[in-house]
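Student: Dropping a structure here in structure tokens format, bear with me for questions.
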Number of protein chains: 6
Amino acid sequence: MSKVVCFGEIMGRLCPPGYKKVIQATGFDLTFAGGEANVAVSLANYGLSPSFVSKLPDNDMGLLVKKTLKSYDVNVDDVVIGGERLGMYYVEKGASQRPSKVIYDRKYSAISMAETKDFNWDHILKDAEWFHVTGITPALSDECVDITREALKHCKEKGITVSCDLNYRKNLWSQEKAQSVMSEFMAYVDVCIANEEDAEKVLGISAKDTDITAGEINHDGYIEVAKEIQEKYGCKKVAITLRESYSASVNGWSAMLFTDNQAYFSTKYDIQLVDRVGGGDSFVGGLLYALLRIDDPKEQIEFAVAASCLKHTIEGDFNQVSISDVQTLMEGDGSGRVQR
Amino acid sequence: MSKVVCFGEIMGRLCPPGYKKVIQATGFDLTFAGGEANVAVSLANYGLSPSFVSKLPDNDMGLLVKKTLKSYDVNVDDVVIGGERLGMYYVEKGASQRPSKVIYDRKYSAISMAETKDFNWDHILKDAEWFHVTGITPALSDECVDITREALKHCKEKGITVSCDLNYRKNLWSQEKAQSVMSEFMAYVDVCIANEEDAEKVLGISAKDTDITAGEINHDGYIEVAKEIQEKYGCKKVAITLRESYSASVNGWSAMLFTDNQAYFSTKYDIQLVDRVGGGDSFVGGLLYALLRIDDPKEQIEFAVAASCLKHTIEGDFNQVSISDVQTLMEGDGSGRVQR
Amino acid sequence: MSKVVCFGEIMGRLCPPGYKKVIQATGFDLTFAGGEANVAVSLANYGLSPSFVSKLPDNDMGLLVKKTLKSYDVNVDDVVIGGERLGMYYVEKGASQRPSKVIYDRKYSAISMAETKDFNWDHILKDAEWFHVTGITPALSDECVDITREALKHCKEKGITVSCDLNYRKNLWSQEKAQSVMSEFMAYVDVCIANEEDAEKVLGISAKDTDITAGEINHDGYIEVAKEIQEKYGCKKVAITLRESYSASVNGWSAMLFTDNQAYFSTKYDIQLVDRVGGGDSFVGGLLYALLRIDDPKEQIEFAVAASCLKHTIEGDFNQVSISDVQTLMEGDGSGRVQR
Amino acid sequence: MSKVVCFGEIMGRLCPPGYKKVIQATGFDLTFAGGEANVAVSLANYGLSPSFVSKLPDNDMGLLVKKTLKSYDVNVDDVVIGGERLGMYYVEKGASQRPSKVIYDRKYSAISMAETKDFNWDHILKDAEWFHVTGITPALSDECVDITREALKHCKEKGITVSCDLNYRKNLWSQEKAQSVMSEFMAYVDVCIANEEDAEKVLGISAKDTDITAGEINHDGYIEVAKEIQEKYGCKKVAITLRESYSASVNGWSAMLFTDNQAYFSTKYDIQLVDRVGGGDSFVGGLLYALLRIDDPKEQIEFAVAASCLKHTIEGDFNQVSISDVQTLMEGDGSGRVQR
Amino acid sequence: MSKVVCFGEIMGRLCPPGYKKVIQATGFDLTFAGGEANVAVSLANYGLSPSFVSKLPDNDMGLLVKKTLKSYDVNVDDVVIGGERLGMYYVEKGASQRPSKVIYDRKYSAISMAETKDFNWDHILKDAEWFHVTGITPALSDECVDITREALKHCKEKGITVSCDLNYRKNLWSQEKAQSVMSEFMAYVDVCIANEEDAEKVLGISAKDTDITAGEINHDGYIEVAKEIQEKYGCKKVAITLRESYSASVNGWSAMLFTDNQAYFSTKYDIQLVDRVGGGDSFVGGLLYALLRIDDPKEQIEFAVAASCLKHTIEGDFNQVSISDVQTLMEGDGSGRVQR
Amino acid sequence: MSKVVCFGEIMGRLCPPGYKKVIQATGFDLTFAGGEANVAVSLANYGLSPSFVSKLPDNDMGLLVKKTLKSYDVNVDDVVIGGERLGMYYVEKGASQRPSKVIYDRKYSAISMAETKDFNWDHILKDAEWFHVTGITPALSDECVDITREALKHCKEKGITVSCDLNYRKNLWSQEKAQSVMSEFMAYVDVCIANEEDAEKVLGISAKDTDITAGEINHDGYIEVAKEIQEKYGCKKVAITLRESYSASVNGWSAMLFTDNQAYFSTKYDIQLVDRVGGGDSFVGGLLYALLRIDDPKEQIEFAVAASCLKHTIEGDFNQVSISDVQTLMEGDGSGRVQR
């Protein structure tokens, strides 16, 4: 029963049905999502004990968030109630050459306006084995920078492992601001996760000779990036997801884990996408589970990639697969034959 | 072609389907609504030339608001684009003893954070015959108080008739604040509209011997209220809607128009409610049309009440009826016999 | 196994979901309906052997009509295939003071443009015991007048009982045209069914002292109407439905059967309406069954009224109740207690 | 934090949307429901600590039941996994004279085929303050009679208060069988709940001069029934719900609590029904809360009736109201005025 | 008018909309399906006279099954009414690497608990030309083994052609049990249909050098399998479907017909799947039609494969295509150009 | 503000949800569409000033068409009200080898029965810069031939540029009739648009060595076609769309613009189709914009093809993309990466 504390924002996610665009909407499907909450749900699905920490408004939407997380066995006892609103975002599903589109309405959310005094980290982190945060959380506000810093310091004191998904969001802060804050925070991070763009935008470290729009992946370049991150910030493990976006309908998906000065590249899956949003978080969910419960680094990265490959075929940000679903794919059965 | 300028906020309205509560929601129907926008739509349906003035964010939700209003022939050329978000609200439909419930997420909306310099009233009010605003608009922010004051002053200068629906919103401001602001504004108002509660809460003028929760209406009391408003603020006409809320499923609905020192009470309709939200605004829409196009005060109030009676049977805040639909009901046919 | 031949039009019925108006529609629920087809479905539900005769276009909508009727055990072997289109109509559900509204798009339908040579009545009426038609069918076109006349003549020759629901449709023909055609046809009719308005509009025979919009029913007046119909045209039985339209949400519903110089009035039901369209046809369906299978006239009219009372609570034109459902209500249990 | 153990069956509930009948269904809305589970959800909503005990199959439907209950804060740690299937039932919503209809497909469900060895009552009842069961549970099978008996005996030993809702289900067992089993179990019951029919069918004790189909309620008769139950079986409190089924659309609803040799009758509510199924269980949920947290017997029965009045306006079996929602109604505001 | 008797189970099929998993379901689309019923519907679509024989419960779900089959022109006169429940199953649609998943809830269904005395085969098989059954039917229960045996014996006596789709279901019986029963039954079978796995699991006969998960097809191996089946059991024709499951979104699909000591391989279609479940049955439907109405074996197998290729693009188990739709594809037009 | 007049029919478009066929329909999604209306919507999206001219019935469906077009900023002031019905059509979405299918119900529509006197072209074309029509409009009726001829003559007189999309519809007229009418009209056409089939069927000019069903495109052949059209009819520009229909799920899409004796071939996009109907019209919309606002012919054809590529991924006939969406794709980013 490994307690993992995930701290960040969770938002209402409003999607027009099917492939309708927001401008055509007459209604929305409602789910909930957020970088750290998505990870927490994955961890609960794999039998760990995640606790999600955030601030939620004192209204029915806040209650519905808690009700939803509880249904997935995510502990919400340390969620703070207050503030003015739940952040929301709209997702329209792309297809072929038309990209999916995310429209945020997250400003002034309860968590973005939270204060350091809202969170008692001594209490929250009690018995915790692991702490997970993304680069989105400090990007929400200066207060969130302070709250995150406090949490990280407590982790260090208590010897709690820290993972951080860099997750750059250009709408929330500039690269300069991001680099300044995240460079400081990296000192606390044991496991650093990034996608093809994050390392460059958040840490200023880029893979050479890779054109992500063209979908070319340069393995050596990413090894260099990981090495540089490790050397510069001293984190033990660096994981990088490698998305090849052929179109909004089909993506290539793989990842690298760099640990003990060795790079492990996973199988690459070509995926016909059902819902791509939340794909990266499901990778982190798989990776954290694997780091806690699987020994072999190659298997760790294979678990994380297989888990997140499956998420791309599932509606909503939350991954809905079990350990055995992931293992079936890891063992090579991606044939999609009907299970009866 | 009477140009009527309506100024205020329009929000996205999210309703769970049927009688589901927000806490049970897995999706929402999307419409748009707002006190003054609802009036504008009514006026367009009756063939007048409403212009809706507000501030909307520069994203697909803002575009969708404009697209929707244009579909109803409401002019949106003077809508200002900018700000951070579109205000939203959730409505769950009540039934029987369970009240309908409105949860606002309107704070920090583009219009609430607008500035006086956003609106060029000289230009906006050009050729306007009428200006309509509600007590909601100044309640949004101090800037909105200033913007509204400026608009009212321009109206006075240009000799434009001003109507104001008091519409007290306790979540937006205190009774003290409301009374202080609205007392000042009443000096500019030619036509004052209120419901059973507003006069008391916004102007501190109350009908004696009426218990609205019990659903008893004291006609004489309301005449007194109207008289007092007229005397105190000098507005030419006062209209008061009289809702008898037997339950969330059935309401009594009538109104009084006080003009030329005479009170005209309308027919009372007992209504099986389909969607009660926006009912009061549809009364205003009917009343403004009637004041502009019908001579007889008794007929004016009958038109306004019949129009809004029908709105209570229609989904969404916007009324969807034509002049001839209203006339059929005014002439006494509320039998609901199938029209073929 | 009484074979009953029903001849007329069946249309696609498009309804916006819930209480939405057509002007608000973004989609429609699809069912099928028509005066005689609705009767045929009722008869099949009660275990008789109805055959529905019409002309349907040679496309998937025509096939879907046949597929639907077959699912209800209505024989469609004598439906003629050809012509250009399936008639359609839109229904928006009213509530309270807002009437339900039917918008027809039935012109140029296959049946309305059928020719006499399309139908071989000798073959169609073989083994038939009963023939049912409404005043809608001859109203479709002059050819339909001729086709109907031919059918009626064959019935007379073969001694087949003929029932006719007068069913005046003002969009299809004038009162003059209707009276001219239907007066001729009445000579062939054994059982004449009418609502409060039809007798006056189709036959020029009216109940005195009844104001249908006000919802007052004058029993003696209707007895006079029935007597006059019987005397003038010699039909054996006259049934008149008596709708008291309090509103689009609640109706009073009862009926009278006049036979052997005696009037039998049914119980009156006050009905909270789910779907009022097709209510009259479900009365005819119940009546035809009752005339064929029940001896006592009072019980006959009670069966017909109870059957159609239930239809008003069912979505779509087709009644969906069994003999035992009707009997439960006839025996006085309208309490709506949950059946487990 | 009063731990209340609820033991029984929970089923998948499949409803065609709106007023469609099952015979018209092309799809179903899915919720979950069961006599004791419904009570558990109510208790959690009021802040108590219910634990639901049952047996669920080892498949995704079993998991979905647990996920759902957890979302409501109902503890499911003592649910046994195994058996072959989840019981299901179909509900079609009635209206006016057409009754709602429940079609069960619950036979061979996991709980109905459970064995006594599946449940370790010593462990399950640890720290429990209250145990709740209905007459449905022993009706499921002879094994369920044995399991229930064992639970009741443990309660007696541990001094746990026992409540039992008689809830006669004619499809599950005969009156004879019911009376034989339930008479024995009544010896363990502290709080006995019944509706108008149960006492007669399960215990053979009937209210004189009351015709439930006609909707007449004879207060004295029910006092007699309660007294007789108390005297015969020694239970401390008897609560009887009094439903007046005017139609499938409108019901009268009140109740009596008999305690300390005194009868307390509640306010009667006339309810426009949204979803009547689960109404009785929501009464029990309210009553158990009230008995545990409110002192005055009159207030206890008022809380229980107001809580369940509101449930009749809510979709699904689970009540969705808070203590403060109930209090608002108890304090007399059933006006249904919009809450903003 | 070739009468074909199809005997087996038909179930309710519940699917969450779109790509939702069962664990995410808040509702289901309802269709009906079963190995032999799917074949019967195909045959009716091609103008043959199928009769479906089974046992269905005496409730609205049983009625709805019959109503549905009648809509497709499948004769249900010999369906026996009784037993306790309709079998149900849940299907969640897979995508890419995530397999579709079928969860059965078919135990204790009416047909699985039927007895030999329920079916009068002399009567049922009167005038029949063909009898079709699958390996699922005897797998339901020992009684179903006996009923099937009886049917087969009557076929032999009457000279009715028998086709059997081996269709192994591991949840229903073991390979040992299957082999023991089916080996006996094969003596009655004229046309044996199998997929890549069935022959091995049901008859113990396997294609060498073929790895179905890897999607490799070894033509020679399947010829060997067909030959061995023919030699061992004496059936005249063996048809084997060859699915190459590249993913849950794209499959290769072809088949072989072995007859008169000659193997005919069809065109292979690469299919973008809409709904894969029921694909094999639609092959059998096409094959039976082709064997009855087309002479050339190559054309027979092409018809069957083209028919079932199209079914994979259609929602629900039932194929919905006409002979001419199949012929268009057989003639090489799989271009999907819009038909106007 | 270039005023572009588009003249033709607009119809209601009814689609079963998802991949359901019409024969499976229980409801339809409603949108509106028509060759020239689709172009008008595109032009409005790109900021031009389209006016749509047609005839619409005087009922709610006619009103809903106008409401919809106004929402897109298409001017409908010159729409004539009258006639009997709105044309309708049904679309079922194909997949893989199963083609999409369009079933028309457009006969006797208001526009098809319009008369020349309905349209005052002098007024309508005032200030117009461009006139667009398709080959569908004159195919509707002989009156429509006359009305179109009159419009074209006015254009010539006023020096208005004329574009015409040949758009052959075999259900509306024969190739002979089409060639006779369109040959005459081509004299007025400045910009001629055709797909692979139109030139042959409407003008009798065909590309050699191209088999459209096989999906092979012969570039030289299309240059010949364009040259021949230009020489024969003197139009300044010829644009030909080149669809390679691999399946109903994936199409190749490109086009050629022939101008100043030079052919410009666009990029070819392989598209995973969401909704293919209206694809050609969105090309015309993009082309007209490009001809009016972009100078370089290569860029013109690239804009038109990129715009229409995106439309194939959008639900409904109307394109929903902005200039900047098109430019992003033109600049090479078809990677479909999520836009945040």
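All residue names refer to the structure tokens as shown: chains lettered A, B, ... in order, residues numbered from 1 in each chain, ligands numbered from 1 in order.
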List as a PyMOL selection string the protein and nucleic acid residues near Pro16 in chain C, meaning an atom at most 8 Å away when only C-alpha atoms are counted, but skip any in the same chain fewer than 3 places from it.
Tutor: chain C and resi 19-22+25-29+91-92
Student: Just want the 10 Å neighbourhood of Lys236 in chain E, counted on only C-alpha atoms, with same-chain residues fewer than 6 positions away dropped. Output as a PyMOL selection string.
Tutor: chain E and resi 189-192+229-230+258-261
Student: Could you check which of A:Val5, A:Ala95, A:Val202, A:Leu14 is closest to Ser245 in chain A, using only C-alpha atoms?
Tutor: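 That would be A:Ala95, the residue with the smallest distance to Ser245 in chain A.
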Student: Which neighbours of range 130-140 of chain F fall inside 6 Å, counting only C-alpha atoms, when residues of the same chain fewer than 5 positions from it are skipped, and could you give them as a list in words?
Tutor: Val4, Val5, Cys6, Phe7, Gly8, Ser112, Val145, Ile160, Thr161, Val162, Ser163, Cys164, Asp165, Leu166, Asn167, Leu172 and Trp173 of chain F
Student: A:Leu69, A:Ile23, A:Ala110, A:Leu86: which is nearest chain D, counting only C-alpha atoms?
Tutor: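 Comparing A:Leu69, A:Ile23, A:Ala110, A:Leu86 against chain D, the winner is A:Leu69.
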Student: For a quick check of understanding, using only C-alpha atoms, which of D:Tyr246, D:Tyr188, D:Tyr264, D:Phe119 has the smallest distance to chain C?
Tutor: D:Tyr246
Student: Give one line per residue of chain E that approaches chain F to at most 8 Å, naming the two atoms of the closest pair and their distance in Å to one decimal, counting only C-alpha atoms; sort by chain then ascending residue number and deliver it as JSON lines.
Tutor:
{"residue": "E:Ile271", "atom": "CA", "partner": "F:Ser96", "partner_atom": "CA", "distance": 5.9}
{"residue": "E:Gln272", "atom": "CA", "partner": "F:Ser96", "partner_atom": "CA", "distance": 5.3}
{"residue": "E:Leu273", "atom": "CA", "partner": "F:Ser96", "partner_atom": "CA", "distance": 7.5}
{"residue": "E:Val274", "atom": "CA", "partner": "F:Ala95", "partner_atom": "CA", "distance": 7.3}
{"residue": "E:Cys309", "atom": "CA", "partner": "F:Gln97", "partner_atom": "CA", "distance": 7.6}
{"residue": "E:Leu310", "atom": "CA", "partner": "F:Arg98", "partner_atom": "CA", "distance": 6.0}
{"residue": "E:Thr313", "atom": "CA", "partner": "F:Ala95", "partner_atom": "CA", "distance": 5.7}
{"residue": "E:Ile314", "atom": "CA", "partner": "F:Tyr19", "partner_atom": "CA", "distance": 6.7}
{"residue": "E:Glu315", "atom": "CA", "partner": "F:Lys20", "partner_atom": "CA", "distance": 6.1}
{"residue": "E:Gln320", "atom": "CA", "partner": "F:Ile23", "partner_atom": "CA", "distance": 7.9}
{"residue": "E:Leu329", "atom": "CA", "partner": "F:Gln97", "partner_atom": "CA", "distance": 7.4}
{"residue": "E:Asp333", "atom": "CA", "partner": "F:Thr213", "partner_atom": "CA", "distance": 6.8}
{"residue": "E:Gly334", "atom": "CA", "partner": "F:Gln97", "partner_atom": "CA", "distance": 4.5}
{"residue": "E:Ser335", "atom": "CA", "partner": "F:Ser247", "partner_atom": "CA", "distance": 4.4}
{"residue": "E:Gly336", "atom": "CA", "partner": "F:Pro99", "partner_atom": "CA", "distance": 3.8}
{"residue": "E:Arg337", "atom": "CA", "partner": "F:Pro99", "partner_atom": "CA", "distance": 5.5}
{"residue": "E:Val338", "atom": "CA", "partner": "F:Ser100", "partner_atom": "CA", "distance": 4.8}
{"residue": "E:Gln339", "atom": "CA", "partner": "F:Lys101", "partner_atom": "CA", "distance": 4.6}
{"residue": "E:Arg340", "atom": "CA", "partner": "F:Val102", "partner_atom": "CA", "distance": 4.7}
Student: Take CA of Glu299 in chain B and CA of Phe283 in chain B and report the distance between them in Å, one decimal.
Tutor: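 According to the coordinates, CA of Glu299 in chain B and CA of Phe283 in chain B are separated by 13.4 Å.
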Student: Need to verify the contact set: Leu287 in chain B, 8 Å, only C-alpha atoms, exclusion of same-chain residues closer than 3 positions in sequence. Can you return it as a JSON list (two decimals) with all heavy atoms, in the first residue's frame?
Tutor:
[["chain", "number", "residue", "atom", "x", "y", "z"],
["B", 283, "PHE", "N", -41.12, 38.52, -19.73],
["B", 283, "PHE", "CA", -42.13, 39.53, -19.41],
["B", 283, "PHE", "C", -41.65, 40.90, -19.88],
["B", 283, "PHE", "O", -42.39, 41.65, -20.53],
["B", 283, "PHE", "CB", -42.42, 39.53, -17.90],
["B", 283, "PHE", "CG", -43.25, 40.69, -17.45],
["B", 283, "PHE", "CD1", -44.63, 40.67, -17.60],
["B", 283, "PHE", "CD2", -42.66, 41.82, -16.88],
["B", 283, "PHE", "CE1", -45.41, 41.75, -17.20],
["B", 283, "PHE", "CE2", -43.43, 42.90, -16.48],
["B", 283, "PHE", "CZ", -44.81, 42.87, -16.64],
["B", 284, "VAL", "N", -40.42, 41.21, -19.57],
["B", 284, "VAL", "CA", -39.88, 42.50, -19.97],
["B", 284, "VAL", "C", -39.88, 42.63, -21.49],
["B", 284, "VAL", "O", -40.24, 43.67, -22.05],
["B", 284, "VAL", "CB", -38.46, 42.71, -19.39],
["B", 284, "VAL", "CG1", -37.90, 44.05, -19.83],
["B", 284, "VAL", "CG2", -38.48, 42.59, -17.87],
["B", 290, "ALA", "N", -44.82, 45.86, -26.18],
["B", 290, "ALA", "CA", -46.18, 46.38, -26.03],
["B", 290, "ALA", "C", -46.18, 47.89, -25.82],
["B", 290, "ALA", "O", -47.02, 48.61, -26.38],
["B", 290, "ALA", "CB", -46.88, 45.67, -24.86],
["B", 291, "LEU", "N", -45.25, 48.37, -25.03],
["B", 291, "LEU", "CA", -45.19, 49.82, -24.78],
["B", 291, "LEU", "C", -44.88, 50.56, -26.08],
["B", 291, "LEU", "O", -45.35, 51.68, -26.31],
["B", 291, "LEU", "CB", -44.14, 50.15, -23.72],
["B", 291, "LEU", "CG", -44.45, 49.63, -22.30],
["B", 291, "LEU", "CD1", -43.29, 49.94, -21.34],
["B", 291, "LEU", "CD2", -45.75, 50.21, -21.75],
["B", 300, "GLN", "N", -51.39, 46.23, -22.97],
["B", 300, "GLN", "CA", -49.92, 46.16, -22.81],
["B", 300, "GLN", "C", -49.53, 45.11, -21.76],
["B", 300, "GLN", "O", -48.70, 44.24, -22.01],
["B", 300, "GLN", "CB", -49.36, 47.52, -22.39],
["B", 300, "GLN", "CG", -49.39, 48.55, -23.52],
["B", 300, "GLN", "CD", -49.11, 49.97, -23.03],
["B", 300, "GLN", "OE1", -49.10, 50.24, -21.82],
["B", 300, "GLN", "NE2", -48.89, 50.89, -23.97],
["B", 301, "ILE", "N", -50.19, 45.20, -20.61],
["B", 301, "ILE", "CA", -49.80, 44.26, -19.55],
["B", 301, "ILE", "C", -50.27, 42.85, -19.90],
["B", 301, "ILE", "O", -49.59, 41.86, -19.59],
["B", 301, "ILE", "CB", -50.31, 44.74, -18.17],
["B", 301, "ILE", "CG1", -49.65, 43.95, -17.04],
["B", 301, "ILE", "CG2", -51.83, 44.62, -18.05],
["B", 301, "ILE", "CD1", -48.21, 44.29, -16.86],
["B", 303, "PHE", "N", -50.37, 41.58, -22.92],
["B", 303, "PHE", "CA", -49.41, 41.05, -23.89],
["B", 303, "PHE", "C", -48.17, 40.55, -23.16],
["B", 303, "PHE", "O", -47.67, 39.44, -23.40],
["B", 303, "PHE", "CB", -49.02, 42.13, -24.91],
["B", 303, "PHE", "CG", -48.16, 41.60, -26.02],
["B", 303, "PHE", "CD1", -48.73, 41.17, -27.21],
["B", 303, "PHE", "CD2", -46.77, 41.50, -25.88],
["B", 303, "PHE", "CE1", -47.94, 40.65, -28.24],
["B", 303, "PHE", "CE2", -45.98, 40.98, -26.90],
["B", 303, "PHE", "CZ", -46.56, 40.56, -28.08],
["B", 304, "ALA", "N", -47.67, 41.36, -22.25],
["B", 304, "ALA", "CA", -46.44, 41.01, -21.54],
["B", 304, "ALA", "C", -46.61, 39.74, -20.73],
["B", 304, "ALA", "O", -45.71, 38.87, -20.69],
["B", 304, "ALA", "CB", -46.01, 42.17, -20.65]]
Student: Can you pull out every residue from range 42-243 of chain F that DSSP, working from the backbone, puts in alpha helix (DSSP H), and format the result as a ChimeraX atom specification?
Tutor: /F:42-45,60-71,121-124,136-139,142-158,175-185,198,219-233
Student: Write the selection just made, keeping C-alpha atoms, as an mmCIF file, in the first residue's frame?
Tutor:
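For reference, out-v6.cif as written:
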data_model
loop_
_atom_site.group_PDB
_atom_site.id
_atom_site.type_symbol
_atom_site.label_atom_id
_atom_site.label_comp_id
_atom_site.auth_asym_id
_atom_site.auth_seq_id
_atom_site.Cartn_x
_atom_site.Cartn_y
_atom_site.Cartn_z
ATOM 1 C CA SER F 42 -17.500 29.089 -46.298
ATOM 2 C CA LEU F 43 -17.277 32.595 -47.732
ATOM 3 C CA ALA F 44 -18.785 34.099 -44.595
ATOM 4 C CA ASN F 45 -16.276 32.184 -42.470
ATOM 5 C CA ASP F 60 -40.975 26.664 -39.060
ATOM 6 C CA MET F 61 -38.589 24.608 -41.143
ATOM 7 C CA GLY F 62 -38.187 27.528 -43.546
ATOM 8 C CA LEU F 63 -37.614 29.834 -40.589
ATOM 9 C CA LEU F 64 -35.064 27.456 -39.124
ATOM 10 C CA VAL F 65 -33.092 27.492 -42.383
ATOM 11 C CA LYS F 66 -32.942 31.278 -42.276
ATOM 12 C CA LYS F 67 -32.062 31.309 -38.591
ATOM 13 C CA THR F 68 -29.209 28.899 -39.281
ATOM 14 C CA LEU F 69 -27.790 30.847 -42.211
ATOM 15 C CA LYS F 70 -27.982 34.103 -40.271
ATOM 16 C CA SER F 71 -25.978 32.509 -37.468
ATOM 17 C CA TRP F 121 -32.305 40.018 -60.231
ATOM 18 C CA ASP F 122 -31.740 43.693 -60.703
ATOM 19 C CA HIS F 123 -32.314 44.164 -57.032
ATOM 20 C CA ILE F 124 -30.645 40.978 -55.863
ATOM 21 C CA ILE F 136 -27.855 21.329 -59.451
ATOM 22 C CA THR F 137 -29.985 24.462 -59.604
ATOM 23 C CA PRO F 138 -31.059 24.290 -63.269
ATOM 24 C CA ALA F 139 -31.505 20.532 -62.808
ATOM 25 C CA ASP F 142 -37.430 23.929 -66.221
ATOM 26 C CA GLU F 143 -38.428 27.018 -64.286
ATOM 27 C CA CYS F 144 -35.116 26.852 -62.484
ATOM 28 C CA VAL F 145 -33.364 26.727 -65.858
ATOM 29 C CA ASP F 146 -35.160 29.945 -66.780
ATOM 30 C CA ILE F 147 -34.472 31.638 -63.464
ATOM 31 C CA THR F 148 -30.797 30.723 -63.664
ATOM 32 C CA ARG F 149 -30.558 31.959 -67.245
ATOM 33 C CA GLU F 150 -32.057 35.252 -66.214
ATOM 34 C CA ALA F 151 -29.605 35.607 -63.363
ATOM 35 C CA LEU F 152 -26.674 34.832 -65.656
ATOM 36 C CA LYS F 153 -27.816 37.403 -68.186
ATOM 37 C CA HIS F 154 -28.023 40.056 -65.513
ATOM 38 C CA CYS F 155 -24.531 39.148 -64.383
ATOM 39 C CA LYS F 156 -23.193 39.588 -67.894
ATOM 40 C CA GLU F 157 -24.853 42.985 -68.156
ATOM 41 C CA LYS F 158 -23.521 44.091 -64.818
ATOM 42 C CA GLN F 175 -26.841 13.655 -69.250
ATOM 43 C CA GLU F 176 -28.493 14.798 -72.469
ATOM 44 C CA LYS F 177 -30.629 17.383 -70.714
ATOM 45 C CA ALA F 178 -27.702 18.480 -68.589
ATOM 46 C CA GLN F 179 -25.430 18.908 -71.592
ATOM 47 C CA SER F 180 -28.022 20.854 -73.510
ATOM 48 C CA VAL F 181 -28.669 23.321 -70.685
ATOM 49 C CA MET F 182 -25.184 23.632 -69.285
ATOM 50 C CA SER F 183 -23.543 24.088 -72.692
ATOM 51 C CA GLU F 184 -25.653 27.185 -73.093
ATOM 52 C CA PHE F 185 -24.906 28.445 -69.598
ATOM 53 C CA ASP F 198 -18.763 16.138 -63.990
ATOM 54 C CA HIS F 219 -2.702 14.507 -64.413
ATOM 55 C CA ASP F 220 -2.202 15.044 -68.110
ATOM 56 C CA GLY F 221 -5.730 13.889 -68.810
ATOM 57 C CA TYR F 222 -7.177 16.544 -66.543
ATOM 58 C CA ILE F 223 -5.079 19.266 -68.145
ATOM 59 C CA GLU F 224 -6.585 18.227 -71.461
ATOM 60 C CA VAL F 225 -10.078 18.389 -69.987
ATOM 61 C CA ALA F 226 -9.494 21.868 -68.591
ATOM 62 C CA LYS F 227 -8.020 23.108 -71.856
ATOM 63 C CA GLU F 228 -10.938 21.748 -73.836
ATOM 64 C CA ILE F 229 -13.465 23.385 -71.484
ATOM 65 C CA GLN F 230 -11.657 26.681 -71.718
ATOM 66 C CA GLU F 231 -11.391 26.575 -75.461
ATOM 67 C CA LYS F 232 -14.933 25.474 -76.045
ATOM 68 C CA TYR F 233 -16.675 27.841 -73.636
#
Student: So how far away is CA of Ile81 in chain A from CA of Pro57 in chain A, in Å?
Tutor: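 Taking CA of Pro57 in chain A as the start and CA of Ile81 in chain A as the end point, the length is 5.6 Å.
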